[in-house]
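*Asks:* Sharing entry_20.cif, mmCIF, C-alpha atoms:
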```cif
data_run
#
loop_
_atom_site.group_PDB
_atom_site.id
_atom_site.type_symbol
_atom_site.label_atom_id
_atom_site.label_comp_id
_atom_site.auth_asym_id
_atom_site.auth_seq_id
_atom_site.Cartn_x
_atom_site.Cartn_y
_atom_site.Cartn_z
ATOM 1 C CA MET E 140 6.328 -24.311 -17.402
ATOM 2 C CA LYS E 141 5.677 -22.514 -20.670
ATOM 3 C CA ALA E 142 2.766 -20.171 -21.033
ATOM 4 C CA LEU E 143 1.145 -18.455 -23.962
ATOM 5 C CA ILE E 144 -0.980 -15.362 -23.440
ATOM 6 C CA LEU E 145 -3.263 -14.403 -26.291
ATOM 7 C CA TYR E 146 -3.970 -10.700 -26.212
ATOM 8 C CA SER E 147 -6.585 -8.642 -27.988
ATOM 9 C CA ASN E 148 -7.664 -5.047 -27.621
ATOM 10 C CA CYS E 149 -11.149 -5.792 -28.903
ATOM 11 C CA SER E 150 -13.982 -4.946 -26.529
ATOM 12 C CA PHE E 151 -15.208 -8.551 -26.760
ATOM 13 C CA PRO E 152 -12.853 -11.288 -25.444
ATOM 14 C CA ILE E 153 -11.868 -12.508 -28.905
ATOM 15 C CA SER E 154 -8.542 -13.721 -27.467
ATOM 16 C CA ALA E 155 -10.482 -16.123 -25.214
ATOM 17 C CA VAL E 156 -12.276 -17.542 -28.257
ATOM 18 C CA ALA E 157 -8.927 -17.985 -30.047
ATOM 19 C CA GLY E 158 -7.422 -19.610 -26.962
ATOM 20 C CA ALA E 159 -10.369 -21.982 -26.641
ATOM 21 C CA ILE E 160 -9.831 -23.064 -30.264
ATOM 22 C CA LEU E 161 -6.151 -23.697 -29.499
ATOM 23 C CA THR E 162 -6.859 -25.764 -26.379
ATOM 24 C CA GLY E 163 -9.602 -27.735 -28.122
ATOM 25 C CA ARG E 164 -12.425 -26.395 -25.964
ATOM 26 C CA LEU E 165 -13.970 -25.023 -29.120
ATOM 27 C CA PRO E 166 -14.141 -27.065 -32.340
ATOM 28 C CA GLY E 167 -12.171 -26.261 -35.474
ATOM 29 C CA ARG E 168 -15.410 -25.504 -37.327
ATOM 30 C CA TYR E 169 -17.753 -22.861 -36.043
ATOM 31 C CA GLU E 170 -20.767 -24.271 -34.199
ATOM 32 C CA PRO E 171 -23.618 -21.900 -33.314
ATOM 33 C CA GLY E 172 -24.126 -21.480 -29.584
ATOM 34 C CA LYS E 173 -21.018 -23.426 -28.645
ATOM 35 C CA ILE E 174 -19.081 -20.295 -27.662
ATOM 36 C CA TRP E 175 -21.767 -19.258 -25.217
ATOM 37 C CA ASN E 176 -22.094 -22.710 -23.698
ATOM 38 C CA THR E 177 -18.341 -23.164 -23.379
ATOM 39 C CA LEU E 178 -16.781 -19.809 -22.601
ATOM 40 C CA PHE E 179 -19.539 -17.563 -21.377
ATOM 41 C CA ALA E 180 -21.802 -20.038 -19.624
ATOM 42 C CA ASP E 181 -21.845 -17.707 -16.619
ATOM 43 C CA GLY E 182 -23.220 -14.924 -18.824
ATOM 44 C CA CYS E 183 -20.168 -12.755 -18.268
ATOM 45 C CA THR E 184 -18.628 -11.419 -21.453
ATOM 46 C CA ASP E 185 -16.886 -8.433 -19.951
ATOM 47 C CA TYR E 186 -13.229 -9.326 -19.601
ATOM 48 C CA SER E 187 -11.760 -5.905 -20.139
ATOM 49 C CA ASP E 188 -9.144 -4.179 -17.963
ATOM 50 C CA GLY E 189 -6.529 -6.866 -18.187
ATOM 51 C CA ARG E 190 -8.323 -9.795 -16.618
ATOM 52 C CA ILE E 191 -6.450 -12.971 -17.544
ATOM 53 C CA ILE E 192 -8.530 -16.085 -18.199
ATOM 54 C CA ILE E 193 -6.672 -19.388 -17.994
ATOM 55 C CA LEU E 194 -8.039 -21.723 -20.658
ATOM 56 C CA GLY E 195 -5.992 -24.877 -20.157
ATOM 57 C CA ARG E 196 -3.225 -26.588 -22.054
ATOM 58 C CA ALA E 197 -2.598 -26.620 -25.791
ATOM 59 C CA PRO E 198 -1.823 -29.998 -27.442
ATOM 60 C CA ASP E 199 1.911 -29.267 -27.083
ATOM 61 C CA GLY E 200 1.572 -28.796 -23.304
ATOM 62 C CA VAL E 201 1.811 -25.011 -23.273
ATOM 63 C CA MET E 202 -0.504 -23.304 -20.768
ATOM 64 C CA VAL E 203 -2.861 -20.996 -22.653
ATOM 65 C CA ALA E 204 -4.408 -17.838 -21.233
ATOM 66 C CA ALA E 205 -6.342 -14.957 -22.727
ATOM 67 C CA LEU E 206 -6.018 -11.288 -21.935
ATOM 68 C CA THR E 207 -8.279 -8.490 -23.086
ATOM 69 C CA ALA E 208 -7.669 -4.800 -22.542
ATOM 70 C CA ARG E 209 -9.191 -2.127 -24.716
ATOM 71 C CA SER E 210 -6.201 0.183 -24.565
ATOM 72 C CA GLY E 211 -2.805 0.583 -22.964
ATOM 73 C CA LYS E 212 -0.670 -1.771 -24.989
ATOM 74 C CA THR E 213 2.564 -0.182 -23.725
ATOM 75 C CA ILE E 214 1.595 -0.427 -20.059
ATOM 76 C CA LEU E 215 0.581 -4.074 -20.541
ATOM 77 C CA LYS E 216 3.798 -4.955 -22.329
ATOM 78 C CA ASN E 217 5.903 -3.252 -19.645
ATOM 79 C CA LEU E 218 3.889 -4.805 -16.796
ATOM 80 C CA ILE E 219 4.221 -8.337 -18.148
ATOM 81 C CA GLU E 220 7.913 -8.004 -18.979
ATOM 82 C CA SER E 221 8.846 -6.497 -15.638
ATOM 83 C CA PHE E 222 6.666 -8.989 -13.720
ATOM 84 C CA LEU E 223 8.669 -11.799 -15.315
ATOM 85 C CA GLU E 224 11.863 -9.947 -14.452
ATOM 86 C CA ILE E 225 11.076 -9.474 -10.764
ATOM 87 C CA TYR E 226 10.262 -13.174 -10.412
ATOM 88 C CA ARG E 227 13.320 -14.084 -12.484
ATOM 89 C CA ILE E 228 11.235 -16.016 -14.995
ATOM 90 C CA GLU E 229 12.830 -16.286 -18.414
ATOM 91 C CA GLU E 230 11.009 -14.355 -21.102
ATOM 92 C CA SER E 231 10.945 -17.480 -23.271
ATOM 93 C CA CYS E 232 8.679 -19.122 -20.659
ATOM 94 C CA CYS E 233 5.875 -16.661 -21.312
ATOM 95 C CA THR E 234 4.961 -15.508 -24.783
ATOM 96 C CA VAL E 235 2.388 -12.819 -25.482
ATOM 97 C CA LEU E 236 0.765 -12.917 -28.876
ATOM 98 C CA GLU E 237 -1.584 -10.347 -30.231
ATOM 99 C CA ILE E 238 -4.760 -11.419 -31.971
ATOM 100 C CA ASN E 239 -5.689 -8.792 -34.507
ATOM 101 C CA THR E 240 -9.257 -8.774 -35.691
ATOM 102 C CA PRO E 241 -11.052 -6.223 -37.827
ATOM 103 C CA ALA E 242 -13.360 -3.853 -36.006
ATOM 104 C CA GLY E 243 -17.004 -4.707 -36.500
ATOM 105 C CA LEU E 244 -19.988 -2.434 -36.109
ATOM 106 C CA GLY E 245 -22.153 -5.528 -35.616
ATOM 107 C CA LEU E 246 -19.998 -6.607 -32.680
ATOM 108 C CA THR E 247 -20.142 -3.210 -31.016
ATOM 109 C CA LEU E 248 -23.879 -2.935 -31.474
ATOM 110 C CA GLY E 249 -24.352 -6.538 -30.342
ATOM 111 C CA GLN E 250 -22.429 -5.854 -27.159
ATOM 112 C CA VAL E 251 -24.562 -2.836 -26.390
ATOM 113 C CA LEU E 252 -27.717 -4.903 -26.894
ATOM 114 C CA LEU E 253 -26.329 -7.689 -24.678
ATOM 115 C CA ARG E 254 -26.514 -5.260 -21.758
ATOM 116 C CA ILE E 255 -30.243 -4.615 -22.261
ATOM 117 C CA PRO E 256 -32.247 -7.620 -21.027
ATOM 118 C CA PRO E 257 -35.253 -7.401 -23.439
ATOM 119 C CA VAL E 258 -32.991 -7.376 -26.526
ATOM 120 C CA ARG E 259 -30.234 -9.631 -25.234
ATOM 121 C CA GLY E 260 -31.139 -12.333 -27.756
ATOM 122 C CA ALA E 261 -30.684 -9.954 -30.666
ATOM 123 C CA GLY E 262 -27.365 -8.792 -29.243
ATOM 124 C CA ARG E 263 -26.152 -12.345 -28.899
ATOM 125 C CA ALA E 264 -27.154 -13.111 -32.489
ATOM 126 C CA MET E 265 -25.181 -10.098 -33.743
ATOM 127 C CA VAL E 266 -22.078 -11.033 -31.759
ATOM 128 C CA GLU E 267 -22.337 -14.649 -32.978
ATOM 129 C CA LYS E 268 -22.624 -13.475 -36.574
ATOM 130 C CA TYR E 269 -19.422 -11.466 -36.186
ATOM 131 C CA ILE E 270 -17.556 -14.336 -34.546
ATOM 132 C CA LYS E 271 -18.741 -16.733 -37.261
ATOM 133 C CA LYS E 272 -17.267 -14.329 -39.814
ATOM 134 C CA ILE E 273 -13.849 -14.112 -38.137
ATOM 135 C CA TYR E 274 -13.728 -17.725 -36.875
ATOM 136 C CA PRO E 275 -11.495 -19.030 -39.703
ATOM 137 C CA GLU E 276 -9.188 -16.075 -39.105
ATOM 138 C CA LEU E 277 -8.935 -16.915 -35.397
ATOM 139 C CA GLN E 278 -8.158 -20.501 -36.294
ATOM 140 C CA ARG E 279 -5.315 -19.378 -38.524
ATOM 141 C CA ALA E 280 -4.122 -16.911 -35.877
ATOM 142 C CA VAL E 281 -3.618 -19.555 -33.203
ATOM 143 C CA LYS E 282 -1.241 -21.409 -35.490
ATOM 144 C CA LEU E 283 1.175 -18.733 -34.203
ATOM 145 C CA ASP E 284 2.926 -18.090 -37.496
ATOM 146 C CA CYS E 285 0.199 -15.595 -38.387
ATOM 147 C CA ASN E 286 0.742 -13.693 -35.146
ATOM 148 C CA ARG E 287 3.287 -11.226 -34.003
ATOM 149 C CA PRO E 288 4.472 -10.396 -30.506
ATOM 150 C CA ILE E 289 2.782 -7.527 -28.702
ATOM 151 C CA SER E 290 4.194 -4.294 -30.097
ATOM 152 C CA ASP E 291 5.202 -1.041 -28.449
ATOM 153 C CA ASN E 292 2.489 1.230 -29.818
ATOM 154 C CA MET S 281 7.935 -10.487 0.109
ATOM 155 C CA LYS S 282 7.670 -8.150 -2.849
ATOM 156 C CA ILE S 283 5.990 -4.836 -2.142
ATOM 157 C CA ILE S 284 4.986 -2.703 -5.111
ATOM 158 C CA TYR S 285 4.004 0.928 -4.497
ATOM 159 C CA HIS S 286 1.929 2.162 -7.411
ATOM 160 C CA CYS S 287 0.459 5.499 -8.456
ATOM 161 C CA TYR S 288 -0.458 7.388 -11.625
ATOM 162 C CA GLY S 289 3.006 8.098 -13.026
ATOM 163 C CA GLY S 290 5.228 6.109 -10.674
ATOM 164 C CA THR S 291 7.596 9.017 -10.178
ATOM 165 C CA HIS S 292 6.459 11.124 -7.196
ATOM 166 C CA SER S 293 4.265 9.625 -4.474
ATOM 167 C CA SER S 294 5.274 5.985 -5.024
ATOM 168 C CA VAL S 295 8.971 6.891 -5.145
ATOM 169 C CA THR S 296 8.619 8.871 -1.907
ATOM 170 C CA ALA S 297 6.680 6.066 -0.198
ATOM 171 C CA ALA S 298 9.364 3.581 -1.267
ATOM 172 C CA GLY S 299 12.045 5.953 0.068
ATOM 173 C CA ILE S 300 10.281 6.157 3.436
ATOM 174 C CA HIS S 301 9.886 2.377 3.541
ATOM 175 C CA LEU S 302 13.565 1.827 2.781
ATOM 176 C CA GLY S 303 14.663 4.326 5.426
ATOM 177 C CA LEU S 304 16.145 6.694 2.844
ATOM 178 C CA LEU S 305 13.758 9.403 4.012
ATOM 179 C CA PRO S 306 13.058 10.263 7.674
ATOM 180 C CA ARG S 307 9.909 9.074 9.454
ATOM 181 C CA ASP S 308 10.190 11.355 12.484
ATOM 182 C CA ARG S 309 10.418 14.736 10.733
ATOM 183 C CA LEU S 310 9.562 16.442 7.460
ATOM 184 C CA PRO S 311 12.265 16.025 4.812
ATOM 185 C CA GLU S 312 14.224 18.884 3.299
ATOM 186 C CA TYR S 313 13.600 19.983 -0.285
ATOM 187 C CA SER S 314 16.921 18.452 -1.352
ATOM 188 C CA GLU S 315 16.172 15.137 0.364
ATOM 189 C CA ILE S 316 13.026 14.750 -1.734
ATOM 190 C CA LEU S 317 14.720 15.894 -4.927
ATOM 191 C CA ASN S 318 17.773 13.656 -4.525
ATOM 192 C CA GLN S 319 15.716 10.489 -4.433
ATOM 193 C CA LYS S 320 16.434 8.004 -7.179
ATOM 194 C CA LEU S 321 13.798 8.437 -9.931
ATOM 195 C CA PHE S 322 11.900 11.284 -8.246
ATOM 196 C CA ASP S 323 10.311 13.371 -11.040
ATOM 197 C CA ARG S 324 12.571 11.673 -13.560
ATOM 198 C CA ARG S 325 10.506 8.968 -15.235
ATOM 199 C CA LYS S 326 9.145 9.311 -18.749
ATOM 200 C CA LYS S 327 5.950 8.379 -20.506
ATOM 201 C CA CYS S 328 7.519 5.226 -21.993
ATOM 202 C CA ASP S 329 8.354 3.959 -18.467
ATOM 203 C CA ILE S 330 4.700 3.534 -17.592
ATOM 204 C CA GLY S 331 3.993 -0.018 -16.404
ATOM 205 C CA LYS S 332 7.657 -0.824 -15.723
ATOM 206 C CA ILE S 333 8.070 -2.298 -12.249
ATOM 207 C CA VAL S 334 11.331 -0.838 -10.948
ATOM 208 C CA PRO S 335 13.296 -2.299 -7.997
ATOM 209 C CA MET S 336 14.140 0.312 -5.347
ATOM 210 C CA GLY S 337 15.959 -1.850 -2.811
ATOM 211 C CA LEU S 338 15.604 -4.226 0.138
ATOM 212 C CA ASP S 339 14.144 -3.153 3.477
ATOM 213 C CA GLY S 340 15.435 -4.226 6.885
ATOM 214 C CA GLN S 341 13.363 -7.420 6.846
ATOM 215 C CA GLY S 342 14.585 -8.469 3.406
ATOM 216 C CA ASN S 343 11.427 -7.409 1.586
ATOM 217 C CA GLU S 344 11.934 -6.266 -1.988
ATOM 218 C CA ILE S 345 10.510 -2.799 -2.646
ATOM 219 C CA TYR S 346 9.345 -1.798 -6.118
ATOM 220 C CA ILE S 347 7.484 1.096 -7.709
ATOM 221 C CA VAL S 348 5.292 1.291 -10.802
ATOM 222 C CA GLY S 349 3.166 3.845 -12.614
ATOM 223 C CA ARG S 350 -0.098 2.567 -14.015
ATOM 224 C CA ARG S 351 -1.951 5.705 -15.146
ATOM 225 C CA SER S 352 -5.517 5.763 -13.780
ATOM 226 C CA ARG S 353 -5.927 2.009 -14.177
ATOM 227 C CA PRO S 354 -5.179 0.268 -10.872
ATOM 228 C CA LYS S 355 -7.549 -2.534 -11.856
ATOM 229 C CA LEU S 356 -5.346 -3.354 -14.832
ATOM 230 C CA LEU S 357 -2.351 -3.779 -12.531
ATOM 231 C CA TYR S 358 -4.286 -5.949 -10.057
ATOM 232 C CA ASN S 359 -5.738 -8.089 -12.847
ATOM 233 C CA VAL S 360 -2.449 -8.596 -14.669
ATOM 234 C CA ALA S 361 -0.467 -9.288 -11.482
ATOM 235 C CA GLY S 362 -3.156 -11.668 -10.190
ATOM 236 C CA GLY S 363 -3.549 -13.436 -13.535
ATOM 237 C CA LEU S 364 0.180 -13.843 -14.119
ATOM 238 C CA SER S 365 0.674 -15.146 -10.573
ATOM 239 C CA GLU S 366 -1.950 -17.795 -11.210
ATOM 240 C CA LEU S 367 -0.702 -18.647 -14.693
ATOM 241 C CA LEU S 368 2.958 -18.911 -13.728
ATOM 242 C CA GLY S 369 2.399 -20.522 -10.330
ATOM 243 C CA VAL S 370 3.723 -17.622 -8.270
ATOM 244 C CA ASP S 371 2.725 -17.343 -4.609
ATOM 245 C CA ARG S 372 0.193 -14.496 -4.357
ATOM 246 C CA ASN S 373 0.792 -14.055 -0.650
ATOM 247 C CA ASN S 374 4.328 -13.089 -1.498
ATOM 248 C CA LEU S 375 3.179 -9.991 -3.365
ATOM 249 C CA MET S 376 1.686 -6.801 -1.974
ATOM 250 C CA LEU S 377 0.360 -3.968 -4.104
ATOM 251 C CA VAL S 378 0.066 -0.623 -2.359
ATOM 252 C CA ASP S 379 -1.957 2.148 -4.011
ATOM 253 C CA VAL S 380 -0.406 5.506 -3.194
ATOM 254 C CA SER S 381 -2.557 7.552 -5.575
ATOM 255 C CA SER S 382 -5.079 8.509 -2.914
ATOM 256 C CA PHE S 383 -2.244 10.251 -1.051
ATOM 257 C CA VAL S 384 -1.570 12.653 -3.918
ATOM 258 C CA ASN S 385 -2.740 16.232 -3.336
ATOM 259 C CA SER S 386 -3.593 18.864 -5.931
ATOM 260 C CA SER S 387 -0.158 20.535 -5.737
ATOM 261 C CA MET S 388 1.505 17.227 -6.575
ATOM 262 C CA LYS S 389 -0.918 16.687 -9.443
ATOM 263 C CA ALA S 390 -0.414 20.177 -10.860
ATOM 264 C CA GLY S 391 3.364 20.169 -10.383
ATOM 265 C CA GLY S 392 3.686 16.647 -11.760
ATOM 266 C CA PHE S 393 1.612 17.531 -14.813
ATOM 267 C CA MET S 394 3.732 20.613 -15.506
ATOM 268 C CA SER S 395 7.026 18.821 -15.022
ATOM 269 C CA ARG S 396 6.348 15.464 -16.639
ATOM 270 C CA ARG S 397 3.651 16.148 -19.225
ATOM 271 C CA MET S 398 4.411 19.722 -20.274
ATOM 272 C CA GLY S 399 8.168 19.591 -19.760
ATOM 273 C CA LEU S 400 8.120 22.685 -17.515
ATOM 274 C CA ILE S 401 10.547 21.166 -15.025
ATOM 275 C CA ARG S 402 11.758 24.448 -13.484
ATOM 276 C CA LEU S 403 8.209 25.437 -12.705
ATOM 277 C CA GLY S 404 6.614 22.078 -11.945
ATOM 278 C CA ARG S 405 9.328 20.425 -9.856
ATOM 279 C CA PRO S 406 9.283 22.900 -6.911
ATOM 280 C CA ILE S 407 5.474 22.662 -6.806
ATOM 281 C CA VAL S 408 5.466 18.862 -6.752
ATOM 282 C CA ILE S 409 8.162 18.813 -4.052
ATOM 283 C CA TRP S 410 6.218 21.358 -1.971
ATOM 284 C CA GLY S 411 3.106 19.201 -2.348
ATOM 285 C CA THR S 412 5.049 16.076 -1.369
ATOM 286 C CA ILE S 413 6.356 17.735 1.811
ATOM 287 C CA ARG S 414 2.818 18.903 2.680
ATOM 288 C CA ASN S 415 1.546 15.345 2.264
ATOM 289 C CA TYR S 416 4.546 13.659 3.816
ATOM 290 C CA SER S 417 3.023 12.693 7.178
ATOM 291 C CA ARG S 418 0.175 10.886 5.378
ATOM 292 C CA LEU S 419 2.715 8.926 3.323
ATOM 293 C CA VAL S 420 4.583 8.008 6.515
ATOM 294 C CA GLY S 421 1.253 6.762 7.925
ATOM 295 C CA LEU S 422 0.651 4.609 4.850
ATOM 296 C CA VAL S 423 4.112 3.062 5.025
ATOM 297 C CA GLY S 424 3.556 2.333 8.732
ATOM 298 C CA GLN S 425 0.319 0.575 7.784
ATOM 299 C CA VAL S 426 2.163 -1.470 5.132
ATOM 300 C CA VAL S 427 4.906 -2.475 7.565
ATOM 301 C CA SER S 428 2.363 -3.665 10.138
ATOM 302 C CA CYS S 429 0.459 -5.470 7.366
ATOM 303 C CA ILE S 430 3.618 -7.406 6.388
ATOM 304 C CA LYS S 431 4.109 -8.562 9.952
ATOM 305 C CA SER S 432 0.579 -9.957 10.210
ATOM 306 C CA PRO S 433 -0.113 -13.190 8.293
ATOM 307 C CA PRO S 434 -2.607 -13.057 5.392
ATOM 308 C CA SER S 435 -6.199 -13.437 6.517
ATOM 309 C CA SER S 436 -7.398 -16.956 5.727
ATOM 310 C CA LYS S 437 -11.038 -15.922 5.412
ATOM 311 C CA ASN S 438 -10.183 -13.495 2.620
ATOM 312 C CA THR S 439 -7.959 -15.694 0.492
ATOM 313 C CA ASP S 440 -10.785 -16.694 -1.859
ATOM 314 C CA THR S 441 -11.831 -13.167 -2.683
ATOM 315 C CA ILE S 442 -8.626 -11.180 -2.367
ATOM 316 C CA GLN S 443 -6.165 -12.031 -5.056
ATOM 317 C CA ILE S 444 -3.153 -10.191 -3.773
ATOM 318 C CA ARG S 445 -2.356 -8.804 -0.369
ATOM 319 C CA SER S 446 -2.974 -5.121 -0.229
ATOM 320 C CA PRO S 447 -3.616 -2.682 2.616
ATOM 321 C CA GLU S 448 -6.640 -1.408 0.680
ATOM 322 C CA ALA S 449 -7.952 -4.992 0.538
ATOM 323 C CA ASN S 450 -11.348 -4.013 -0.827
ATOM 324 C CA TYR S 451 -10.652 -3.429 -4.483
#
```
Re-express the file's structure as structure tokens.

*Replies:*
Amino acid sequence: MKALILYSNCSFPISAVAGAILTGRLPGRYEPGKIWNTLFADGCTDYSDGRIIILGRAPDGVMVAALTARSGKTILKNLIESFLEIYRIEESCCTVLEINTPAGLGLTLGQVLLRIPPVRGAGRAMVEKYIKKIYPELQRAVKLDCNRPISDN
Amino acid sequence: MKIIYHCYGGTHSSVTAAGIHLGLLPRDRLPEYSEILNQKLFDRRKKCDIGKIVPMGLDGQGNEIYIVGRRSRPKLLYNVAGGLSELLGVDRNNLMLVDVSSFVNSSMKAGGFMSRRMGLIRLGRPIVIWGTIRNYSRLVGLVGQVVSCIKSPPSSKNTDTIQIRSPEANY
């Protein structure tokens, strides 16, 4: 079985959004509110510290998962590579691709507001605005040719 | 079964615990200075080795023993190991992660920092070895707990909440 792990070091699980576009859970064109209803219906947007979310299969049958960790690219790379080694799984069976997105003050502020119940709506609007802005970029990124494998630094 | 001992740097406490598990270090007495120092990888791993799961050998029951350093992020290790097991269809009950970091005393921390981070090997190494010998009986106790944990089958009532078998079991 082949697997593709989309990785981002953004504080918001952007890799999950990209993965959902790839698996068809999210449409090719940005639709307001769809991300929340599809990916974060449980209200949980905190996927930091290496939690892997399995998103389903891409059209070509590859299993797609998303991984978000704010830092520690080297430790992640080494962990994944050596995990495959100890289970004798060929590296070609599991590809890790990094989703690079520009840092956004709106996203950071939106995430802070999401944690405060009275202003959660405003926070959500700010996060959505940021995602709407980078949505075409994410779409291009999941075509794989725009990505590069997870690097050492 | 695969048993992974993990700690901050993966070069002192986890290496010693793996050595005890594999029978390379004694369980009935304190080891000599040279016995600790002559262990494979003891105080010898570098910053770039962080996160690399290294095989140490097979124990008497055929279990594979590994070590890994994961800085101060055990949750990252649990999440990645659990997620990859699920994604790649690996049996989670076949993997045990053992956190050794709570068995590290201040001498080991200070000596390890001097030797590994500051490069003061001549000064740091004797301190970390002294700290390891002082803490040795606790490490033997942990390994004993792991060995008895392997012999008992995984608890069925916990399988929904516990991703990977671990003596800590409450992460």

*Asks:* Check which residues of chain S sit at most 10 Å from chain E using all atoms listed in the file, and return one row each with the closest pair of atoms and their distance in Å to one decimal, ordered by chain and rising number, as JSON lines.

*Replies:*
```
{"residue": "S:Lys282", "atom": "CA", "partner": "E:Ile225", "partner_atom": "CA", "distance": 8.7}
{"residue": "S:Lys327", "atom": "CA", "partner": "E:Thr213", "partner_atom": "CA", "distance": 9.8}
{"residue": "S:Cys328", "atom": "CA", "partner": "E:Thr213", "partner_atom": "CA", "distance": 7.5}
{"residue": "S:Asp329", "atom": "CA", "partner": "E:Asn217", "partner_atom": "CA", "distance": 7.7}
{"residue": "S:Ile330", "atom": "CA", "partner": "E:Ile214", "partner_atom": "CA", "distance": 5.6}
{"residue": "S:Gly331", "atom": "CA", "partner": "E:Ile214", "partner_atom": "CA", "distance": 4.4}
{"residue": "S:Lys332", "atom": "CA", "partner": "E:Asn217", "partner_atom": "CA", "distance": 4.9}
{"residue": "S:Ile333", "atom": "CA", "partner": "E:Ser221", "partner_atom": "CA", "distance": 5.5}
{"residue": "S:Val334", "atom": "CA", "partner": "E:Ser221", "partner_atom": "CA", "distance": 7.8}
{"residue": "S:Pro335", "atom": "CA", "partner": "E:Ile225", "partner_atom": "CA", "distance": 8.0}
{"residue": "S:Glu344", "atom": "CA", "partner": "E:Ile225", "partner_atom": "CA", "distance": 9.4}
{"residue": "S:Tyr346", "atom": "CA", "partner": "E:Ile225", "partner_atom": "CA", "distance": 9.1}
{"residue": "S:Val348", "atom": "CA", "partner": "E:Leu218", "partner_atom": "CA", "distance": 8.7}
{"residue": "S:Gly349", "atom": "CA", "partner": "E:Ile214", "partner_atom": "CA", "distance": 8.7}
{"residue": "S:Arg350", "atom": "CA", "partner": "E:Ile214", "partner_atom": "CA", "distance": 7.0}
{"residue": "S:Arg351", "atom": "CA", "partner": "E:Ile214", "partner_atom": "CA", "distance": 8.6}
{"residue": "S:Arg353", "atom": "CA", "partner": "E:Asp188", "partner_atom": "CA", "distance": 7.9}
{"residue": "S:Pro354", "atom": "CA", "partner": "E:Asp188", "partner_atom": "CA", "distance": 9.3}
{"residue": "S:Lys355", "atom": "CA", "partner": "E:Asp188", "partner_atom": "CA", "distance": 6.5}
{"residue": "S:Leu356", "atom": "CA", "partner": "E:Asp188", "partner_atom": "CA", "distance": 5.0}
{"residue": "S:Leu357", "atom": "CA", "partner": "E:Leu218", "partner_atom": "CA", "distance": 7.6}
{"residue": "S:Tyr358", "atom": "CA", "partner": "E:Gly189", "partner_atom": "CA", "distance": 8.5}
{"residue": "S:Asn359", "atom": "CA", "partner": "E:Arg190", "partner_atom": "CA", "distance": 4.9}
{"residue": "S:Val360", "atom": "CA", "partner": "E:Gly189", "partner_atom": "CA", "distance": 5.7}
{"residue": "S:Ala361", "atom": "CA", "partner": "E:Phe222", "partner_atom": "CA", "distance": 7.5}
{"residue": "S:Gly362", "atom": "CA", "partner": "E:Ile191", "partner_atom": "CA", "distance": 8.2}
{"residue": "S:Gly363", "atom": "CA", "partner": "E:Ile191", "partner_atom": "CA", "distance": 5.0}
{"residue": "S:Leu364", "atom": "CA", "partner": "E:Ile191", "partner_atom": "CA", "distance": 7.5}
{"residue": "S:Ser365", "atom": "CA", "partner": "E:Phe222", "partner_atom": "CA", "distance": 9.1}
{"residue": "S:Glu366", "atom": "CA", "partner": "E:Ile193", "partner_atom": "CA", "distance": 8.4}
{"residue": "S:Leu367", "atom": "CA", "partner": "E:Ile193", "partner_atom": "CA", "distance": 6.9}
{"residue": "S:Leu368", "atom": "CA", "partner": "E:Met140", "partner_atom": "CA", "distance": 7.3}
{"residue": "S:Gly369", "atom": "CA", "partner": "E:Met140", "partner_atom": "CA", "distance": 8.9}
{"residue": "S:Val370", "atom": "CA", "partner": "E:Tyr226", "partner_atom": "CA", "distance": 8.2}
```

*Asks:* Can you list what the PyMOL selection byres ((chain E and resi 236-252) around 10) grabs from this structure, as an NGL selection string?

*Replies:* :E and (143-151 or 153-154 or 157-158 or 184-185 or 205-207 or 233-235 or 253-270 or 273 or 276-277 or 280-281 or 283 or 285-290)

*Asks:* Need the shell around S:Ile316: protein/DNA/RNA residues with any atom at most 12 Å away, counting only C-alpha atoms. Skip same-chain ones fewer than 4 positions apart. Format as a list in words?

*Replies:*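 Neighbouring residues, sequence-local ones excluded: Thr291, His292, Ser293, Val295, Thr296, Ala297, Ala298, Gly299, Ile300, Leu304, Leu305, Pro306, Leu310, Pro311, Glu312, Lys320, Leu321, Phe322, Asp323, Arg405, Pro406, Val408, Ile409, Trp410, Gly411, Thr412, Ile413, Arg414 and Tyr416 of chain S.
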
*Asks:* With all atoms of stretch 212-217 of chain E from the file as input, state the centre and edge lengths in Å to one decimal of the axis-aligned box that has 6 Å extra on each side, as JSON.

*Replies:*
```
{"center_x": 2.6, "center_y": -2.6, "center_z": -22.3, "size_x": 18.6, "size_y": 16.8, "size_z": 17.3}
```

*Asks:* Separation of atom CA of S:Leu302 and atom CA of S:Met388, in Å?

*Replies:* 21.7 Å

*Asks:* Might you pull out every residue within 7 Å of S:Met281, with all atoms listed in the file counted and same-chain residues fewer than 6 positions away left off, and present them as a PyMOL selection string?

*Replies:* chain S and resi 343-344+374-375

*Asks:* Using C-alpha atoms, can you export the residues from the last selection as a compact mmCIF listing (two decimals), keeping the file's coordinate frame?

*Replies:*
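Written file, selection_17.txt:
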```
# COMPACT_ATOMS: atom_id res chain seq x y z
CA ASN S 343 11.43 -7.41 1.59
CA GLU S 344 11.93 -6.27 -1.99
CA ASN S 374 4.33 -13.09 -1.50
CA LEU S 375 3.18 -9.99 -3.36
```

*Asks:* For atom CA of E:Arg209 and atom CA of E:Ala155, quote the distance in Å rounded to one decimal.

*Replies:*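 Interatomic distance, atom CA of E:Arg209 to atom CA of E:Ala155: 14.1 Å.
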
*Asks:* On this structure, the PyMOL selection byres ((chain E and resi 164) around 12) would catch which residues? List them as JSON, numbers by chain, sorted by chain and number.

*Replies:* {"E": [155, 156, 157, 158, 159, 160, 161, 162, 163, 165, 166, 167, 168, 169, 170, 173, 174, 175, 176, 177, 178, 194, 195, 196, 197, 198, 203]}

*Asks:* Taking the file as I've supplied it (selection: the PyMOL selection byres ((chain S and resi 380-386) around 8)), which residues are included? Please answer as a list in words.

*Replies:*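 So the PyMOL selection byres ((chain S and resi 380-386) around 8) ends up selecting Tyr285, His286, Cys287, Tyr288, Ser293, Ser294, Ala297, Val378, Asp379, Ser387, Met388, Lys389, Ala390, Gly411, Thr412, Asn415, Arg418 and Leu419 of chain S.
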